[in-house]
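Asker: Hey, dropping target29.cif in here, mmCIF, C-alpha atoms:
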```cif
data_start
loop_
_atom_site.group_PDB
_atom_site.id
_atom_site.type_symbol
_atom_site.label_atom_id
_atom_site.label_comp_id
_atom_site.auth_asym_id
_atom_site.auth_seq_id
_atom_site.Cartn_x
_atom_site.Cartn_y
_atom_site.Cartn_z
ATOM 1 C CA MET A 1 10.728 -4.068 11.403
ATOM 2 C CA ILE A 2 12.230 -7.020 9.531
ATOM 3 C CA ARG A 3 9.066 -9.079 10.053
ATOM 4 C CA PHE A 4 7.021 -6.236 8.541
ATOM 5 C CA LEU A 5 9.290 -6.019 5.490
ATOM 6 C CA ILE A 6 9.083 -9.788 5.011
ATOM 7 C CA ALA A 7 5.281 -9.588 5.247
ATOM 8 C CA MET A 8 5.255 -6.736 2.711
ATOM 9 C CA LEU A 9 7.481 -8.664 0.307
ATOM 10 C CA THR A 10 5.345 -11.781 0.688
ATOM 11 C CA ALA A 11 2.154 -9.780 0.085
ATOM 12 C CA THR A 12 3.690 -8.160 -2.999
ATOM 13 C CA ILE A 13 4.703 -11.536 -4.434
ATOM 14 C CA LEU A 14 1.236 -12.962 -3.766
ATOM 15 C CA ILE A 15 -0.451 -9.935 -5.343
ATOM 16 C CA VAL A 16 1.668 -10.193 -8.493
ATOM 17 C CA ALA A 17 1.154 -13.961 -8.668
ATOM 18 C CA PHE A 18 -2.618 -13.549 -8.308
ATOM 19 C CA LEU A 19 -2.620 -10.764 -10.902
ATOM 20 C CA PHE A 20 -0.851 -12.896 -13.514
ATOM 21 C CA TRP A 21 -2.871 -15.982 -12.583
ATOM 22 C CA SER A 22 -6.115 -14.007 -13.020
ATOM 23 C CA HIS A 23 -4.926 -12.718 -16.382
ATOM 24 C CA HIS A 24 -3.798 -16.160 -17.550
ATOM 25 C CA PHE A 25 -7.147 -17.766 -16.717
ATOM 26 C CA GLY A 26 -9.178 -14.916 -18.181
ATOM 27 C CA LEU A 27 -10.577 -13.443 -14.979
ATOM 28 C CA ILE A 28 -9.183 -10.079 -16.057
ATOM 29 C CA ARG A 29 -8.758 -9.139 -19.710
ATOM 30 C CA HIS A 30 -5.818 -6.770 -19.427
ATOM 31 C CA LEU A 31 -3.157 -6.294 -16.804
ATOM 32 C CA PRO A 32 -3.250 -2.846 -15.219
ATOM 33 C CA SER A 33 -0.760 -0.755 -17.147
ATOM 34 C CA PHE A 34 0.620 0.872 -13.995
ATOM 35 C CA TYR A 35 0.835 -2.196 -11.754
ATOM 36 C CA ARG A 36 4.630 -1.909 -11.370
ATOM 37 C CA GLU A 37 4.528 1.775 -10.496
ATOM 38 C CA THR A 38 1.658 1.190 -8.089
ATOM 39 C CA LEU A 39 3.470 -1.618 -6.279
ATOM 40 C CA VAL A 40 6.684 0.383 -6.026
ATOM 41 C CA LEU A 41 4.991 3.580 -4.829
ATOM 42 C CA LEU A 42 2.763 1.878 -2.278
ATOM 43 C CA GLY A 43 5.484 -0.495 -1.105
ATOM 44 C CA ILE A 44 8.122 2.164 -0.549
ATOM 45 C CA THR A 45 5.817 4.724 1.048
ATOM 46 C CA THR A 46 4.182 2.153 3.328
ATOM 47 C CA ALA A 47 7.577 0.853 4.464
ATOM 48 C CA LEU A 48 8.935 4.368 5.081
ATOM 49 C CA ILE A 49 5.858 5.488 6.979
ATOM 50 C CA PHE A 50 5.847 2.286 9.029
ATOM 51 C CA ARG A 51 9.493 2.818 9.923
ATOM 52 C CA TYR A 52 8.777 6.411 10.914
ATOM 53 C CA LEU A 53 5.754 5.484 13.043
ATOM 54 C CA PHE A 54 7.419 2.417 14.544
ATOM 55 C CA ARG A 55 10.051 4.662 16.134
ATOM 56 C CA ALA A 56 7.520 7.003 17.789
ATOM 57 C CA ARG A 57 7.805 6.625 21.553
ATOM 58 C CA GLU A 58 4.952 8.640 23.059
ATOM 59 C CA PRO A 59 1.378 7.416 22.472
ATOM 60 C CA ALA A 60 -0.028 10.945 22.012
ATOM 61 C CA LEU A 61 2.698 11.771 19.502
ATOM 62 C CA PHE A 62 2.089 8.471 17.721
ATOM 63 C CA VAL A 63 -1.575 9.327 17.109
ATOM 64 C CA GLN A 64 -0.696 12.782 15.764
ATOM 65 C CA LEU A 65 2.015 11.337 13.517
ATOM 66 C CA TYR A 66 -0.302 8.614 12.232
ATOM 67 C CA LEU A 67 -3.067 11.076 11.387
ATOM 68 C CA GLY A 68 -0.549 13.400 9.738
ATOM 69 C CA THR A 69 0.850 10.620 7.592
ATOM 70 C CA MET A 70 -2.691 9.627 6.597
ATOM 71 C CA VAL A 71 -3.371 13.137 5.295
ATOM 72 C CA ILE A 72 -0.097 13.219 3.375
ATOM 73 C CA LYS A 73 -0.714 9.742 1.946
ATOM 74 C CA LEU A 74 -4.238 10.576 0.831
ATOM 75 C CA LEU A 75 -3.098 13.739 -0.938
ATOM 76 C CA ALA A 76 -0.104 12.074 -2.594
ATOM 77 C CA TYR A 77 -2.024 8.952 -3.570
ATOM 78 C CA GLY A 78 -4.890 11.071 -4.912
ATOM 79 C CA GLY A 79 -2.401 12.901 -7.139
ATOM 80 C CA PHE A 80 -0.938 9.593 -8.284
ATOM 81 C CA CYS A 81 -4.399 8.251 -9.131
ATOM 82 C CA LEU A 82 -5.230 11.390 -11.106
ATOM 83 C CA TRP A 83 -1.949 11.034 -12.995
ATOM 84 C CA ILE A 84 -2.831 7.403 -13.815
ATOM 85 C CA ILE A 85 -6.310 8.393 -15.007
ATOM 86 C CA PHE A 86 -4.972 11.095 -17.325
ATOM 87 C CA LYS A 87 -2.152 8.899 -18.677
ATOM 88 C CA ASP A 88 -4.317 5.833 -19.411
ATOM 89 C CA LYS A 89 -7.999 6.738 -19.628
ATOM 90 C CA PRO A 90 -9.145 3.405 -21.147
ATOM 91 C CA GLY A 91 -7.312 1.404 -18.465
ATOM 92 C CA SER A 92 -8.093 3.698 -15.573
ATOM 93 C CA ILE A 93 -10.684 1.409 -13.985
ATOM 94 C CA SER A 94 -8.322 -1.574 -13.800
ATOM 95 C CA ASN A 95 -5.445 0.629 -12.634
ATOM 96 C CA ILE A 96 -7.411 2.345 -9.867
ATOM 97 C CA THR A 97 -9.033 -0.929 -8.779
ATOM 98 C CA PHE A 98 -5.579 -2.508 -8.531
ATOM 99 C CA PHE A 99 -4.326 0.540 -6.633
ATOM 100 C CA MET A 100 -7.174 0.315 -4.123
ATOM 101 C CA VAL A 101 -6.690 -3.426 -3.548
ATOM 102 C CA VAL A 102 -2.936 -3.044 -2.990
ATOM 103 C CA TYR A 103 -3.516 0.001 -0.763
ATOM 104 C CA LEU A 104 -5.989 -2.008 1.325
ATOM 105 C CA VAL A 105 -3.623 -4.973 1.704
ATOM 106 C CA PHE A 106 -0.621 -2.818 2.639
ATOM 107 C CA THR A 107 -2.672 -0.683 5.044
ATOM 108 C CA VAL A 108 -4.010 -3.779 6.803
ATOM 109 C CA LEU A 109 -0.434 -5.042 7.182
ATOM 110 C CA GLU A 110 0.731 -1.669 8.470
ATOM 111 C CA ILE A 111 -2.085 -1.369 11.014
ATOM 112 C CA THR A 112 -1.645 -4.963 12.177
ATOM 113 C CA PHE A 113 2.073 -4.561 12.837
ATOM 114 C CA LEU A 114 1.659 -1.111 14.409
ATOM 115 C CA PHE A 115 -1.170 -2.372 16.627
ATOM 116 C CA ASN A 116 1.012 -5.219 17.840
ATOM 117 C CA LYS A 117 3.753 -2.730 18.660
ATOM 118 C CA ILE A 118 1.629 -0.221 20.581
ATOM 119 C CA SER A 119 -0.531 -2.806 22.383
ATOM 120 C CA ARG A 120 2.480 -4.655 23.780
ATOM 121 C CA PRO A 121 3.397 -3.557 27.289
ATOM 122 C CA GLU A 122 7.021 -2.449 27.454
#
```
Could you render the structure from this file as C-alpha cells?
Answerer:
Amino acid sequence: MIRFLIAMLTATILIVAFLFWSHHFGLIRHLPSFYRETLVLLGITTALIFRYLFRAREPALFVQLYLGTMVIKLLAYGGFCLWIIFKDKPGSISNITFFMVVYLVFTVLEITFLFNKISRPE
C-alpha cells in the first residue's frame, strides 16, 4: 500500500511539473482552471478505491468489487466533468483533457499494483 501511495505522489508531482513546464514553454496556452480539484479528486478516490480493493481476499469478490467501483467512478467522474464544463465553458477542453490524462495515469498505476497483488501466489 505504501509503495502505491509513493507511486501516486510521484506521478502527481511529475504531472504538475509537466503541466507547468508545458505552460512555461508555450506548449499549452492556459493552465486548466480545475487542475488542483482534478488532482485532489482523482488522487483521493483512486487511493481509497485501491485500499478497498487491496483488502479483498476472494478472487470472485475482487472482480465484483472492482466492477462495482468502476461503475461508481464513472458516474461520479461524469458528474464532476459536467460540473467543470458548466463552470468554465471556455476552458472545458483543457480541463477535460487534463482530467482524462490524469485518470489514465492513475488507473494504469492502480491496475498495475492490483495486478501484482492478485497474480502473486500467497
Asker: Nearest residue to Phe62 in chain A out of A:Ile85, A:Leu74, A:Ile28, A:Ile118, using only C-alpha atoms?
Answerer: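 Of A:Ile85, A:Leu74, A:Ile28, A:Ile118, the one nearest Phe62 in chain A, counting only C-alpha atoms, is A:Ile118.
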Asker: Could you tell me how far CA of Leu65 in chain A lies from CA of Tyr103 in chain A, in Å and to one decimal?
Answerer: 19.1 Å
Asker: If we count only C-alpha atoms and set the cut-off at 10 Å, which residues sit around range 34-41 of chain A, ignoring sequence neighbours fewer than 2 positions away in its own chain? Please answer as a ChimeraX atom specification.
Answerer: /A:12,15-16,19,31-32,43-46,77,80-81,84,87-88,91-92,94-96,98-100,102-103,106
Asker: For range 78-85 of chain A, what centre and edge lengths in Å (one decimal) does the axis-aligned box get once 4 Å is added on each side of all its listed atoms, as lines of an AutoDock Vina configuration file?
Answerer:
```
center_x = -3.6
center_y = 10.2
center_z = -10.0
size_x = 13.4
size_y = 13.5
size_z = 18.1
```
Asker: My list of candidates is A:Lys73, A:Lys89, A:His24, A:His30. Which is closest to Leu48 in chain A when distances are computed with only C-alpha atoms?
Answerer: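 The closest residue to Leu48 in chain A is A:Lys73.
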Asker: Which residue is closest to Leu114 in chain A? Choose from A:Leu67, A:Leu61, A:Leu53, A:Ala7 and count all atoms listed in the file.
Answerer: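 Using all atoms listed in the file, Leu114 in chain A sits closest to A:Leu53.
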Asker: Which residues, protein or nucleic acid, reach to within 12 Å of (7.6, -8.9, 5.3) in the file's coordinates when using all atoms listed in the file, and can you give that as a ChimeraX atom specification?
Answerer: /A:1-14,43,46-47,50,106,109-110,113
Asker: For the atom pair CA of Gly79 in chain A and CA of Ala17 in chain A, what is the interatomic distance in Å to one decimal place?
Answerer: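 Distance between the two atoms: 27.1 Å.
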Asker: Measuring between only C-alpha atoms, which one of A:Leu82, A:Ile111, A:Val101, A:Ala56 shows the shortest distance to Phe18 in chain A?
Answerer: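 Between A:Leu82, A:Ile111, A:Val101, A:Ala56, the residue approaching Phe18 in chain A most closely is A:Val101.
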Asker: For a test of reading the model, state the distance in Å between CA of Leu104 in chain A and CA of Arg55 in chain A, rounded to one decimal.
Answerer: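 Going from CA of Leu104 in chain A over to CA of Arg55 in chain A covers 22.8 Å.
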Asker: N, CA and C atoms for range 49-68 of chain A, written as a PDB file, keeping the file's coordinate frame, could you do that?
Answerer:
```pdb
ATOM      1  N   ILE A  49       6.763   4.981   5.954  1.00  0.00           N
ATOM      2  CA  ILE A  49       5.858   5.488   6.979  1.00  0.00           C
ATOM      3  C   ILE A  49       5.819   4.548   8.174  1.00  0.00           C
ATOM      4  N   PHE A  50       5.823   3.249   7.920  1.00  0.00           N
ATOM      5  CA  PHE A  50       5.847   2.286   9.029  1.00  0.00           C
ATOM      6  C   PHE A  50       7.105   2.480   9.866  1.00  0.00           C
ATOM      7  N   ARG A  51       8.229   2.615   9.204  1.00  0.00           N
ATOM      8  CA  ARG A  51       9.493   2.818   9.923  1.00  0.00           C
ATOM      9  C   ARG A  51       9.438   4.078  10.778  1.00  0.00           C
ATOM     10  N   TYR A  52       8.902   5.136  10.213  1.00  0.00           N
ATOM     11  CA  TYR A  52       8.777   6.411  10.914  1.00  0.00           C
ATOM     12  C   TYR A  52       7.859   6.279  12.135  1.00  0.00           C
ATOM     13  N   LEU A  53       6.710   5.641  11.950  1.00  0.00           N
ATOM     14  CA  LEU A  53       5.754   5.484  13.043  1.00  0.00           C
ATOM     15  C   LEU A  53       6.227   4.470  14.080  1.00  0.00           C
ATOM     16  N   PHE A  54       6.942   3.465  13.640  1.00  0.00           N
ATOM     17  CA  PHE A  54       7.419   2.417  14.544  1.00  0.00           C
ATOM     18  C   PHE A  54       8.388   2.984  15.583  1.00  0.00           C
ATOM     19  N   ARG A  55       9.070   4.057  15.232  1.00  0.00           N
ATOM     20  CA  ARG A  55      10.051   4.662  16.134  1.00  0.00           C
ATOM     21  C   ARG A  55       9.445   5.692  17.081  1.00  0.00           C
ATOM     22  N   ALA A  56       8.175   6.033  16.897  1.00  0.00           N
ATOM     23  CA  ALA A  56       7.520   7.003  17.789  1.00  0.00           C
ATOM     24  C   ALA A  56       7.396   6.392  19.177  1.00  0.00           C
ATOM     25  N   ARG A  57       7.780   7.145  20.182  1.00  0.00           N
ATOM     26  CA  ARG A  57       7.805   6.625  21.553  1.00  0.00           C
ATOM     27  C   ARG A  57       6.570   6.985  22.371  1.00  0.00           C
ATOM     28  N   GLU A  58       6.075   8.191  22.243  1.00  0.00           N
ATOM     29  CA  GLU A  58       4.952   8.640  23.059  1.00  0.00           C
ATOM     30  C   GLU A  58       3.627   8.329  22.360  1.00  0.00           C
ATOM     31  N   PRO A  59       2.668   7.751  23.094  1.00  0.00           N
ATOM     32  CA  PRO A  59       1.378   7.416  22.472  1.00  0.00           C
ATOM     33  C   PRO A  59       0.645   8.623  21.875  1.00  0.00           C
ATOM     34  N   ALA A  60       0.660   9.760  22.552  1.00  0.00           N
ATOM     35  CA  ALA A  60      -0.028  10.945  22.012  1.00  0.00           C
ATOM     36  C   ALA A  60       0.647  11.421  20.733  1.00  0.00           C
ATOM     37  N   LEU A  61       1.960  11.386  20.700  1.00  0.00           N
ATOM     38  CA  LEU A  61       2.698  11.771  19.502  1.00  0.00           C
ATOM     39  C   LEU A  61       2.450  10.775  18.377  1.00  0.00           C
ATOM     40  N   PHE A  62       2.343   9.505  18.722  1.00  0.00           N
ATOM     41  CA  PHE A  62       2.089   8.471  17.721  1.00  0.00           C
ATOM     42  C   PHE A  62       0.781   8.745  16.985  1.00  0.00           C
ATOM     43  N   VAL A  63      -0.272   9.072  17.725  1.00  0.00           N
ATOM     44  CA  VAL A  63      -1.575   9.327  17.109  1.00  0.00           C
ATOM     45  C   VAL A  63      -1.497  10.531  16.174  1.00  0.00           C
ATOM     46  N   GLN A  64      -0.840  11.596  16.611  1.00  0.00           N
ATOM     47  CA  GLN A  64      -0.696  12.782  15.764  1.00  0.00           C
ATOM     48  C   GLN A  64       0.114  12.465  14.506  1.00  0.00           C
ATOM     49  N   LEU A  65       1.198  11.712  14.675  1.00  0.00           N
ATOM     50  CA  LEU A  65       2.015  11.337  13.517  1.00  0.00           C
ATOM     51  C   LEU A  65       1.229  10.454  12.553  1.00  0.00           C
ATOM     52  N   TYR A  66       0.465   9.513  13.089  1.00  0.00           N
ATOM     53  CA  TYR A  66      -0.302   8.614  12.232  1.00  0.00           C
ATOM     54  C   TYR A  66      -1.342   9.391  11.428  1.00  0.00           C
ATOM     55  N   LEU A  67      -2.060  10.280  12.092  1.00  0.00           N
ATOM     56  CA  LEU A  67      -3.067  11.076  11.387  1.00  0.00           C
ATOM     57  C   LEU A  67      -2.413  11.996  10.354  1.00  0.00           C
ATOM     58  N   GLY A  68      -1.272  12.557  10.691  1.00  0.00           N
ATOM     59  CA  GLY A  68      -0.549  13.400   9.738  1.00  0.00           C
ATOM     60  C   GLY A  68      -0.093  12.630   8.516  1.00  0.00           C
TER      61      GLY A  68
END
```
